[in-house]
Every structure is written in structure tokens, then in C-alpha cells.
file my_file.pdb (PDB, C-alpha atoms)
ATOM      1  CA  MET A   6      45.090 116.919 123.756
ATOM      2  CA  ASN A   7      45.487 116.996 127.537
ATOM      3  CA  ASN A   8      44.189 113.510 128.335
ATOM      4  CA  PRO A   9      47.072 111.523 129.951
ATOM      5  CA  THR A  10      45.454 108.187 129.070
ATOM      6  CA  ALA A  11      45.200 109.204 125.417
ATOM      7  CA  HIS A  12      48.831 110.385 125.434
ATOM      8  CA  LYS A  13      49.967 107.003 126.796
ATOM      9  CA  PHE A  14      47.901 105.140 124.211
ATOM     10  CA  ILE A  15      49.349 107.206 121.364
ATOM     11  CA  TRP A  16      52.888 106.772 122.731
ATOM     12  CA  ARG A  17      52.419 102.992 122.841
ATOM     13  CA  LEU A  18      51.136 102.949 119.275
ATOM     14  CA  LYS A  19      54.186 104.932 118.131
ATOM     15  CA  TRP A  20      56.489 102.603 120.061
ATOM     16  CA  LEU A  21      54.864  99.545 118.492
ATOM     17  CA  LYS A  22      55.145 101.064 115.014
ATOM     18  CA  LYS A  23      58.838 101.847 115.502
ATOM     19  CA  SER A  24      59.635  98.532 117.178
ATOM     20  CA  PHE A  25      57.370  96.061 115.333
ATOM     21  CA  PHE A  26      59.835  94.800 112.740
ATOM     22  CA  PRO A  27      62.852  94.663 115.119
ATOM     23  CA  LEU A  28      60.633  92.785 117.597
ATOM     24  CA  LEU A  29      59.541  90.340 114.913
ATOM     25  CA  ALA A  30      63.120  89.787 113.763
ATOM     26  CA  ALA A  31      64.299  89.391 117.376
ATOM     27  CA  VAL A  32      61.658  86.715 118.032
ATOM     28  CA  ILE A  33      62.597  84.782 114.893
ATOM     29  CA  PHE A  34      66.367  85.164 114.751
ATOM     30  CA  ASP A  35      67.607  86.498 118.091
ATOM     31  CA  PHE A  36      65.220  85.145 120.700
ATOM     32  CA  SER A  37      67.684  83.711 123.224
ATOM     33  CA  LYS A  38      69.773  86.893 123.508
ATOM     34  CA  GLN A  39      66.976  89.367 124.205
ATOM     35  CA  PRO A  40      66.036  90.529 127.755
ATOM     36  CA  TRP A  41      62.369  89.897 127.053
ATOM     37  CA  ARG A  42      60.925  90.653 130.478
ATOM     38  CA  TYR A  43      62.312  94.188 130.367
ATOM     39  CA  ILE A  44      61.364  94.676 126.710
ATOM     40  CA  LEU A  45      57.766  93.573 127.317
ATOM     41  CA  ASP A  46      57.448  95.679 130.460
ATOM     42  CA  TYR A  47      58.767  98.797 128.725
ATOM     43  CA  PRO A  48      55.592  99.813 126.850
ATOM     44  CA  VAL A  49      53.228  98.444 129.517
ATOM     45  CA  LEU A  50      54.517  99.657 132.880
ATOM     46  CA  PRO A  51      54.989 103.305 133.873
ATOM     47  CA  ALA A  52      58.581 104.340 134.573
ATOM     48  CA  SER A  53      58.009 104.336 138.342
ATOM     49  CA  ALA A  54      56.926 100.681 138.270
ATOM     50  CA  ARG A  55      59.893  99.679 136.125
ATOM     51  CA  TYR A  56      62.253 101.484 138.500
ATOM     52  CA  LEU A  57      60.930  99.355 141.351
ATOM     53  CA  LYS A  58      61.782  96.263 139.310
ATOM     54  CA  SER A  59      65.354  97.395 138.542
ATOM     55  CA  GLU A  60      66.988  94.919 140.906
ATOM     56  CA  TYR A  61      64.782  92.138 139.527
ATOM     57  CA  TYR A  62      65.944  92.890 135.968
ATOM     58  CA  LEU A  63      69.590  93.058 137.039
ATOM     59  CA  ARG A  64      69.321  89.707 138.825
ATOM     60  CA  LYS A  65      67.409  88.052 135.979
ATOM     61  CA  TYR A  66      69.688  89.006 133.104
ATOM     62  CA  PHE A  67      73.085  89.664 134.659
ATOM     63  CA  LYS A  68      75.363  88.374 137.384
ATOM     64  CA  TYR A  69      74.192  90.675 140.153
ATOM     65  CA  GLN A  70      75.448  90.362 143.712
ATOM     66  CA  ASP A  71      74.687  92.358 146.832
ATOM     67  CA  GLN A  72      78.024  92.486 148.652
ATOM     68  CA  GLY A  73      76.917  94.445 151.708
ATOM     69  CA  ASP A  74      78.432  97.885 151.239
ATOM     70  CA  SER A  75      78.596  97.508 147.448
ATOM     71  CA  ILE A  76      76.979  95.760 144.524
ATOM     72  CA  PHE A  77      78.636  93.788 141.749
ATOM     73  CA  VAL A  78      77.182  93.498 138.247
ATOM     74  CA  ASP A  79      78.644  91.527 135.353
ATOM     75  CA  PHE A  80      77.091  92.892 132.159
ATOM     76  CA  HIS A  81      78.080  89.901 130.029
ATOM     77  CA  GLY A  82      81.791  90.444 130.545
ATOM     78  CA  LEU A  83      81.887  94.092 131.621
ATOM     79  CA  LYS A  84      82.252  93.981 135.391
ATOM     80  CA  PHE A  85      81.450  96.751 137.830
ATOM     81  CA  LYS A  86      81.698  96.912 141.599
ATOM     82  CA  ILE A  87      79.986 100.072 142.869
ATOM     83  CA  GLU A  88      79.554 101.333 146.407
ATOM     84  CA  LYS A  89      75.940 100.849 147.411
ATOM     85  CA  LYS A  90      75.570 104.425 148.636
ATOM     86  CA  PHE A  91      75.743 105.509 144.979
ATOM     87  CA  VAL A  92      73.160 102.961 143.792
ATOM     88  CA  SER A  93      70.885 102.820 146.822
ATOM     89  CA  THR A  94      67.590 103.724 145.116
ATOM     90  CA  PRO A  95      65.568 102.025 142.349
ATOM     91  CA  GLU A  96      66.144 105.068 140.125
ATOM     92  CA  GLN A  97      69.908 104.759 140.527
ATOM     93  CA  LEU A  98      69.819 101.028 139.789
ATOM     94  CA  ASN A  99      67.747 101.818 136.730
ATOM     95  CA  CYS A 100      70.587 104.079 135.541
ATOM     96  CA  LEU A 101      72.768 100.951 135.360
ATOM     97  CA  LEU A 102      70.189  99.290 133.118
ATOM     98  CA  VAL A 103      69.973 102.401 130.944
ATOM     99  CA  GLU A 104      73.748 102.370 130.478
ATOM    100  CA  TYR A 105      73.637  98.692 129.533
ATOM    101  CA  PHE A 106      70.934  99.211 126.917
ATOM    102  CA  ASP A 107      72.554 102.315 125.429
ATOM    103  CA  ILE A 108      76.159 101.151 125.357
ATOM    104  CA  ILE A 109      76.310  97.354 125.410
ATOM    105  CA  TYR A 110      72.976  95.866 124.335
ATOM    106  CA  ALA A 111      73.005  97.011 120.706
ATOM    107  CA  SER A 112      76.362  95.321 120.118
ATOM    108  CA  GLU A 113      75.259  92.023 121.698
ATOM    109  CA  VAL A 114      72.122  91.352 119.667
ATOM    110  CA  SER A 115      71.475  91.330 115.945
ATOM    111  CA  PHE A 116      68.126  93.106 116.259
ATOM    112  CA  PRO A 117      68.099  95.729 119.041
ATOM    113  CA  ILE A 118      64.670  97.067 119.990
ATOM    114  CA  PRO A 119      64.702 100.862 119.462
ATOM    115  CA  GLY A 120      62.375 101.848 122.300
ATOM    116  CA  VAL A 121      64.368 100.336 125.142
ATOM    117  CA  MET A 122      67.528 102.310 124.306
ATOM    118  CA  PRO A 123      66.811 105.771 125.758
ATOM    119  CA  GLU A 124      69.749 107.449 124.014
ATOM    120  CA  GLY A 125      71.100 104.737 121.756
ATOM    121  CA  PRO A 126      74.667 103.467 121.221
ATOM    122  CA  TYR A 127      77.793 105.485 120.490
ATOM    123  CA  GLU A 128      78.451 103.670 117.222
ATOM    124  CA  LYS A 129      76.675 104.096 113.908
ATOM    125  CA  ASP A 130      78.177 102.887 110.637
ATOM    126  CA  PRO A 131      80.762 103.907 109.605
ATOM    127  CA  VAL A 132      81.595 105.532 112.970
ATOM    128  CA  LYS A 133      82.783 102.384 114.722
ATOM    129  CA  LEU A 134      85.436 101.453 117.243
ATOM    130  CA  GLU A 135      88.239  99.494 115.607
ATOM    131  CA  PRO A 136      91.257  97.529 116.896
ATOM    132  CA  GLY A 137      94.139  99.824 117.810
ATOM    133  CA  ASP A 138      92.037 102.977 118.155
ATOM    134  CA  VAL A 139      93.058 105.739 120.549
ATOM    135  CA  VAL A 140      89.818 106.826 122.237
ATOM    136  CA  ILE A 141      88.894 109.916 124.233
ATOM    137  CA  ASP A 142      85.876 109.234 126.438
ATOM    138  CA  GLY A 143      84.445 112.584 127.493
ATOM    139  CA  GLY A 144      82.096 112.100 130.430
ATOM    140  CA  ALA A 145      83.246 108.618 131.434
ATOM    141  CA  ASN A 146      81.052 108.320 134.557
ATOM    142  CA  PHE A 147      81.678 104.854 136.070
ATOM    143  CA  GLY A 148      83.407 103.809 132.857
ATOM    144  CA  TYR A 149      80.790 101.833 130.930
ATOM    145  CA  PHE A 150      81.854 103.155 127.539
ATOM    146  CA  SER A 151      85.546 103.129 128.500
ATOM    147  CA  PHE A 152      85.501  99.413 129.324
ATOM    148  CA  PHE A 153      83.274  98.645 126.334
ATOM    149  CA  ALA A 154      85.699 100.513 124.055
ATOM    150  CA  ALA A 155      88.717  98.784 125.608
ATOM    151  CA  ASN A 156      87.190  95.403 124.763
ATOM    152  CA  LYS A 157      86.614  96.421 121.149
ATOM    153  CA  ILE A 158      89.905  98.159 120.404
ATOM    154  CA  GLY A 159      92.043  95.551 122.156
ATOM    155  CA  PRO A 160      95.489  95.703 123.773
ATOM    156  CA  GLY A 161      96.943  97.716 120.901
ATOM    157  CA  GLY A 162      94.636 100.639 121.622
ATOM    158  CA  LYS A 163      94.283 103.223 124.350
ATOM    159  CA  VAL A 164      91.351 104.854 126.187
ATOM    160  CA  TYR A 165      91.604 108.203 127.970
ATOM    161  CA  ALA A 166      88.604 108.391 130.296
ATOM    162  CA  PHE A 167      87.777 111.969 131.339
ATOM    163  CA  GLU A 168      85.678 112.145 134.490
ATOM    164  CA  PRO A 169      86.108 115.085 136.904
ATOM    165  CA  ILE A 170      83.839 113.786 139.701
ATOM    166  CA  SER A 171      86.215 112.084 142.126
ATOM    167  CA  TYR A 172      84.079 109.166 143.323
ATOM    168  CA  LEU A 173      83.223 108.232 139.717
ATOM    169  CA  GLY A 174      86.870 108.340 138.662
ATOM    170  CA  GLU A 175      87.889 106.310 141.705
ATOM    171  CA  SER A 176      85.265 103.686 140.919
ATOM    172  CA  LEU A 177      86.442 103.480 137.314
ATOM    173  CA  GLU A 178      90.031 103.067 138.477
ATOM    174  CA  SER A 179      89.113 100.319 140.962
ATOM    175  CA  ASN A 180      87.290  98.309 138.277
ATOM    176  CA  LYS A 181      90.169  98.271 135.792
ATOM    177  CA  ALA A 182      91.800  95.156 137.227
ATOM    178  CA  GLN A 183      88.748  92.926 136.796
ATOM    179  CA  ASN A 184      87.951  93.964 133.217
ATOM    180  CA  LYS A 185      89.554  92.699 130.046
ATOM    181  CA  ASN A 186      92.027  95.266 128.681
ATOM    182  CA  GLY A 187      91.367  97.503 131.690
ATOM    183  CA  ASN A 188      95.080  98.277 131.729
ATOM    184  CA  ILE A 189      94.779 100.308 128.494
ATOM    185  CA  ILE A 190      92.435 102.800 130.198
ATOM    186  CA  THR A 191      93.899 105.965 131.718
ATOM    187  CA  SER A 192      91.622 107.765 134.159
ATOM    188  CA  CYS A 193      91.817 111.549 133.668
ATOM    189  CA  ARG A 194      90.259 113.665 136.438
ATOM    190  CA  TYR A 195      89.348 116.648 134.276
ATOM    191  CA  ALA A 196      86.289 118.223 132.758
ATOM    192  CA  LEU A 197      86.624 118.921 129.048
ATOM    193  CA  GLY A 198      86.079 122.470 127.790
ATOM    194  CA  ASN A 199      87.686 125.307 125.844
ATOM    195  CA  SER A 200      90.063 126.573 128.539
ATOM    196  CA  GLN A 201      92.249 125.449 131.429
ATOM    197  CA  ASP A 202      90.804 126.549 134.725
ATOM    198  CA  ASP A 203      88.677 125.478 137.667
ATOM    199  CA  LEU A 204      84.909 125.221 137.328
ATOM    200  CA  GLU A 205      82.036 124.907 139.750
ATOM    201  CA  PHE A 206      79.982 121.891 138.786
ATOM    202  CA  SER A 207      76.447 121.071 139.794
ATOM    203  CA  PHE A 208      75.788 117.353 139.964
ATOM    204  CA  SER A 209      73.168 114.836 140.977
ATOM    205  CA  PHE A 210      73.662 111.656 142.987
ATOM    206  CA  GLU A 211      70.172 110.563 141.917
ATOM    207  CA  ASN A 212      71.305 110.280 138.287
ATOM    208  CA  ILE A 213      74.585 108.526 139.138
ATOM    209  CA  GLY A 214      76.770 111.549 138.873
ATOM    210  CA  SER A 215      75.346 113.542 135.986
ATOM    211  CA  ALA A 216      77.240 116.804 136.224
ATOM    212  CA  SER A 217      78.575 119.854 134.426
ATOM    213  CA  ALA A 218      78.863 123.608 134.754
ATOM    214  CA  SER A 219      75.550 123.860 132.871
ATOM    215  CA  PHE A 220      73.802 121.016 134.721
ATOM    216  CA  LYS A 221      71.218 121.888 137.383
ATOM    217  CA  GLY A 222      71.896 119.579 140.299
ATOM    218  CA  SER A 223      71.600 119.700 144.056
ATOM    219  CA  GLU A 224      75.317 119.335 144.864
ATOM    220  CA  LYS A 225      78.209 121.703 144.110
ATOM    221  CA  ILE A 226      81.837 120.780 143.568
ATOM    222  CA  LYS A 227      84.934 122.481 142.138
ATOM    223  CA  VAL A 228      86.669 120.575 139.351
ATOM    224  CA  SER A 229      89.657 121.108 137.078
ATOM    225  CA  GLN A 230      89.068 121.677 133.370
ATOM    226  CA  THR A 231      91.366 121.100 130.414
ATOM    227  CA  THR A 232      91.096 121.062 126.643
ATOM    228  CA  ILE A 233      91.585 118.065 124.396
ATOM    229  CA  ASP A 234      94.204 119.997 122.428
ATOM    230  CA  ASP A 235      96.241 120.754 125.549
ATOM    231  CA  PHE A 236      95.968 117.161 126.774
ATOM    232  CA  VAL A 237      97.078 115.785 123.402
ATOM    233  CA  GLN A 238     100.042 118.150 123.287
ATOM    234  CA  LYS A 239     101.177 117.566 126.882
ATOM    235  CA  ASN A 240     100.965 113.796 126.483
ATOM    236  CA  SER A 241     102.585 113.787 123.014
ATOM    237  CA  LEU A 242      99.779 111.741 121.471
ATOM    238  CA  ASP A 243     100.511 110.892 117.849
ATOM    239  CA  LYS A 244      96.998 109.593 117.148
ATOM    240  CA  VAL A 245      93.415 110.212 118.243
ATOM    241  CA  SER A 246      90.960 107.895 116.506
ATOM    242  CA  PHE A 247      87.601 108.273 118.283
ATOM    243  CA  ILE A 248      86.101 110.983 120.494
ATOM    244  CA  LYS A 249      82.925 110.292 122.467
ATOM    245  CA  MET A 250      81.231 113.116 124.396
ATOM    246  CA  ASP A 251      78.325 113.069 126.808
ATOM    247  CA  ILE A 252      79.142 116.025 129.050
ATOM    248  CA  GLU A 253      75.796 117.523 129.969
ATOM    249  CA  GLY A 254      75.690 120.485 127.598
ATOM    250  CA  MET A 255      79.410 121.318 127.503
ATOM    251  CA  GLU A 256      79.947 119.561 124.183
ATOM    252  CA  ARG A 257      80.187 122.843 122.246
ATOM    253  CA  ASP A 258      82.958 124.106 124.538
ATOM    254  CA  ALA A 259      84.855 120.818 124.408
ATOM    255  CA  LEU A 260      84.723 120.751 120.609
ATOM    256  CA  GLY A 261      86.126 124.277 120.570
ATOM    257  CA  GLY A 262      88.967 123.025 122.757
ATOM    258  CA  ALA A 263      89.632 120.149 120.330
ATOM    259  CA  PHE A 264      90.133 122.282 117.207
ATOM    260  CA  SER A 265      93.750 121.255 116.501
ATOM    261  CA  THR A 266      93.151 117.608 117.404
ATOM    262  CA  ILE A 267      90.187 117.258 115.056
ATOM    263  CA  LYS A 268      91.905 119.176 112.261
ATOM    264  CA  ARG A 269      95.091 117.109 112.525
ATOM    265  CA  PHE A 270      93.864 113.560 113.309
ATOM    266  CA  LYS A 271      90.320 113.515 111.821
ATOM    267  CA  PRO A 272      88.943 111.284 114.608
ATOM    268  CA  LYS A 273      85.546 109.611 114.434
ATOM    269  CA  LEU A 274      83.092 111.573 116.575
ATOM    270  CA  ALA A 275      80.097 110.408 118.636
ATOM    271  CA  ILE A 276      78.572 113.430 120.356
ATOM    272  CA  CYS A 277      75.358 113.742 122.383
ATOM    273  CA  THR A 278      72.975 116.360 120.991
ATOM    274  CA  TYR A 279      70.039 116.259 123.409
ATOM    275  CA  HIS A 280      71.109 118.684 126.117
ATOM    276  CA  TYR A 281      69.980 121.784 124.175
ATOM    277  CA  LYS A 282      67.446 121.922 121.357
ATOM    278  CA  GLU A 283      69.908 123.671 119.035
ATOM    279  CA  ASP A 284      72.746 121.185 119.682
ATOM    280  CA  ARG A 285      72.399 119.083 116.527
ATOM    281  CA  GLU A 286      72.694 122.063 114.197
ATOM    282  CA  LEU A 287      75.194 124.001 116.301
ATOM    283  CA  LEU A 288      77.577 121.091 116.940
ATOM    284  CA  THR A 289      77.424 120.127 113.282
ATOM    285  CA  GLN A 290      78.430 123.673 112.295
ATOM    286  CA  ILE A 291      81.293 123.718 114.822
ATOM    287  CA  ILE A 292      82.694 120.488 113.389
ATOM    288  CA  LYS A 293      82.262 121.692 109.793
ATOM    289  CA  GLY A 294      84.104 124.857 110.753
ATOM    290  CA  ILE A 295      87.068 122.727 111.816
ATOM    291  CA  ARG A 296      86.961 120.173 108.974
ATOM    292  CA  PRO A 297      84.512 120.791 106.109
ATOM    293  CA  ASP A 298      85.226 117.285 104.756
ATOM    294  CA  TYR A 299      83.448 115.469 107.612
ATOM    295  CA  ASN A 300      80.378 113.372 106.779
ATOM    296  CA  PHE A 301      77.524 113.252 109.294
ATOM    297  CA  ALA A 302      74.848 110.853 110.484
ATOM    298  CA  TYR A 303      72.375 111.276 113.322
ATOM    299  CA  SER A 304      70.266 109.296 115.730
ATOM    300  CA  ASP A 305      67.539 110.818 117.881
ATOM    301  CA  MET A 306      70.037 111.983 120.505
ATOM    302  CA  LYS A 307      73.505 111.712 118.981
ATOM    303  CA  LEU A 308      75.634 113.074 116.174
ATOM    304  CA  PHE A 309      78.135 110.851 114.373
ATOM    305  CA  ALA A 310      80.849 112.295 112.164
ATOM    306  CA  ARG A 311      83.717 110.893 110.169
TER     307      ARG A 311
END
call {"tool": "encode", "arguments": {"input": "my_file.pdb", "output": "C-alpha cells"}}
result
Amino acid sequence: MNNPTAHKFIWRLKWLKKSFFPLLAAVIFDFSKQPWRYILDYPVLPASARYLKSEYYLRKYFKYQDQGDSIFVDFHGLKFKIEKKFVSTPEQLNCLLVEYFDIIYASEVSFPIPGVMPEGPYEKDPVKLEPGDVVIDGGANFGYFSFFAANKIGPGGKVYAFEPISYLGESLESNKAQNKNGNIITSCRYALGNSQDDLEFSFSFENIGSASASFKGSEKIKVSQTTIDDFVQKNSLDKVSFIKMDIEGMERDALGGAFSTIKRFKPKLAICTYHYKEDRELLTQIIKGIRPDYNFAYSDMKLFAR
């Protein structure tokens, strides 16, 4: 079937089937918490039209301020000030919304709508953040998950936020002071892999800094790489509770570089599996090869292990 109109109709039917009962429950039990304008636009408007409305959505549902050379967004307690040159297009502003829906939204409402979360959250029972956890955030970007995790694990925990792209790491560092428990986050300017060396990264400003050695982007930059095992040893960590990875196809390498850490500490794992079609099976086998006693669960784009 090569008819675009038919494809869109079928996609909307599938979305409605998947989302009908969560939508019904949200209307009945969770109405006041849902960002309805965005949810209703999602199956109706093409992506390009929704991108053009990104600022409207941010203003409608969050504390959004244009501060001249930067923007400020308060995602219901998670606060980010970002230089405008990095969020100057509707597509880039839409990336902020995507991060909200994937990381924050599902924890704020009782009945999240599946379709509006492009990748889905980094928690799936029983792989949950808990007070006092020591968290490794691989691919921290501006720090959405790092600050979210810091709120959940509290002052007794610790977050190590790995982000090799300098302007992203600098932005994360500058936002620590205005976020609750920001002081428990340590910004680590490294890529995660299976060796210690320098890498050439490709990255994309259009996608708010998506980057890796395997990513095809328009910009090139040299970054330093380390392994989780080496970092744990050098910093004398006596606990690692939760490892999150979204590192643009380098997850397999980073897991290889975390062999001793996973074997020793048995951390909960939330790993993206959408970068390569074989990722779900391959990453599962890598983890089983380290600890055969792990149990697994999956979402459309993530692997969860405990």
C-alpha cells in the first residue's frame, strides 16, 4: 500500500486502539493533569504542524519565558535555562517537549497516553529509581533525566551525568543550582564505551546535541571516552544502583565497559534499544553474559533489567 492518506488513516486507527483505554481513564480520573491540547493534536496534525506549535505548547502547559539570549522552562519543578541558539527552531523546541513526555510526564499522571511518548520513560516496574540510589546517566544531554533522578533518589543519592558534548555539559552544570537536589549531580565530560581514548563524534544541533561515534551528524568534534568500570574504580564507588543509557548506538560498547560494575553491584538497567534493529536481542545477550540471573522487561524502544 503506497497511498499516504491510507497510511495516515491506518496509523490513526492503530493509535486510537492503543490509546483508547488510557484516554478514557485519563478523562475520568486524571483530567486536570493531562496536556490535552497536545494530546488531541498528536493524531490529527502532521509533525511539521505540531513543531510550529512547540512554543505554544510550552507556554500553555509550563512556565516558559523568553529571556532574550536564552529561554527558561519550568517542567513542573524541573527547571532549565538554555541558550536560545541551541533551541532556535521549532524542531529544537519540540525536542524539549519530547524529553518532557518521555522522562517526566509518565511519572506525573496516573494514566499516561502511550502515543505521545515517542520513546517512553526510563522506569518500568520493578526497574525504578529509589531513595539513596547511585545513578549513572549515560547520555545526559541537558540533564533532563539527571535532574528527574535527583528528585526521586533524594539527598542521600548520587547522579553521575555523562555527557561529552561541552555545551550540553556546561548547560547541565549551570542548571544545578536552581533544581532541587542539583548538588548531588556530578557532571562527567566523557563518552561511555569499552576503552579509554579519544573519539571523533558526529553530532546534530538540530536534534539538541544527539551525538556519538556511530551517529551521522553534520558536525564533528573530538571527545574523551572512558569505561564505567574505570570510572567506578578511580572514584572508589562502593555502590551503583541504576544505569541509564541513551548513547546513540554505543550502548553495546558501554555495556562491555561495565562488565565488572554490573557483575559486582547488579544495578537496575534502562537501556535504549532502537538505534539498531538487532539491539534488543544483542544487548540482552551481553547482559546475560555478565549476569545470567538478570530478569528482563521491554518497551517498544527500551530494555529494562534487574
call {"tool": "closest_residue", "arguments": {"input": "my_file.pdb", "among": "A:Lys86, A:Pro126, A:Phe91, A:Pro51", "to": "A:Val103", "atoms": "only C-alpha atoms"}}
result
A:Pro126
call {"tool": "closest_residue", "arguments": {"input": "my_file.pdb", "among": "A:Gly187, A:Gly144, A:Pro136, A:Gly254", "to": "A:Lys282", "atoms": "only C-alpha atoms"}}
result
A:Gly254
call {"tool": "closest_atom_pairs", "arguments": {"input": "my_file.pdb", "of": "stretch 53-162 of chain A", "to": "stretch 291-306 of chain A", "cutoff": "10 Å", "atoms": "all atoms listed in the file", "output": "tab-separated table"}}
result
residue	atom	partner	partner_atom	distance
A:Pro123	CA	A:Met306	CA	8.8
A:Glu124	CA	A:Met306	CA	5.7
A:Gly125	CA	A:Met306	CA	7.4
A:Pro126	CA	A:Ser304	CA	9.1
A:Tyr127	CA	A:Ser304	CA	9.7
A:Lys129	CA	A:Ala302	CA	7.8
A:Asp130	CA	A:Ala302	CA	8.6
A:Pro131	CA	A:Ala302	CA	9.2
A:Val132	CA	A:Ala302	CA	8.9
call {"tool": "axis_aligned_box", "arguments": {"input": "my_file.pdb", "around": "stretch 88-102 of chain A", "padding_each_side": "8 Å", "output": "lines of an AutoDock Vina configuration file"}}
result
center_x = 72.6
center_y = 102.4
center_z = 140.9
size_x = 30.0
size_y = 22.2
size_z = 31.5
call {"tool": "atom_distance", "arguments": {"input": "my_file.pdb", "atom1": "atom CA of A:Ser53", "atom2": "atom CA of A:Asp79"}}
result
24.5 Å
call {"tool": "closest_residue", "arguments": {"input": "my_file.pdb", "among": "A:Asn156, A:Trp41, A:Gly120, A:Gln201", "to": "A:Lys65", "atoms": "all atoms listed in the file"}}
result
A:Trp41
call {"tool": "closest_residue", "arguments": {"input": "my_file.pdb", "among": "A:Lys249, A:Lys227, A:Lys268, A:Lys133", "to": "A:Tyr165", "atoms": "only C-alpha atoms"}}
result
A:Lys249
call {"tool": "atom_distance", "arguments": {"input": "my_file.pdb", "atom1": "atom CA of A:Phe150", "atom2": "atom CA of A:Ala259"}}
result
18.2 Å
call {"tool": "resolve_selection", "arguments": {"input": "my_file.pdb", "expression": "the PyMOL selection byres ((chain A and resi 269) around 12)", "output": "PyMOL selection string"}}
result
chain A and resi 234+237-238+242-246+263-268+270-272+295-296
call {"tool": "decode", "arguments": {"input": "my_file.pdb", "residues": "stretch 116-128 of chain A", "atoms": "C-alpha atoms", "output": "PDB file, in the first residue's frame"}}
result
ATOM      1  CA  PHE A 116      -2.816   7.309  33.054  1.00  0.00           C
ATOM      2  CA  PRO A 117      -0.137   8.317  30.520  1.00  0.00           C
ATOM      3  CA  ILE A 118      -1.220   8.233  26.877  1.00  0.00           C
ATOM      4  CA  PRO A 119       1.098   5.814  25.018  1.00  0.00           C
ATOM      5  CA  GLY A 120       1.188   7.587  21.658  1.00  0.00           C
ATOM      6  CA  VAL A 121       2.535  10.911  22.872  1.00  0.00           C
ATOM      7  CA  MET A 122       5.646   9.356  24.450  1.00  0.00           C
ATOM      8  CA  PRO A 123       7.942   8.754  21.456  1.00  0.00           C
ATOM      9  CA  GLU A 124      10.390   6.567  23.383  1.00  0.00           C
ATOM     10  CA  GLY A 125       8.722   6.129  26.745  1.00  0.00           C
ATOM     11  CA  PRO A 126      10.088   6.538  30.293  1.00  0.00           C
ATOM     12  CA  TYR A 127      13.242   5.049  31.781  1.00  0.00           C
ATOM     13  CA  GLU A 128      11.341   3.242  34.527  1.00  0.00           C
TER      14      GLU A 128
END
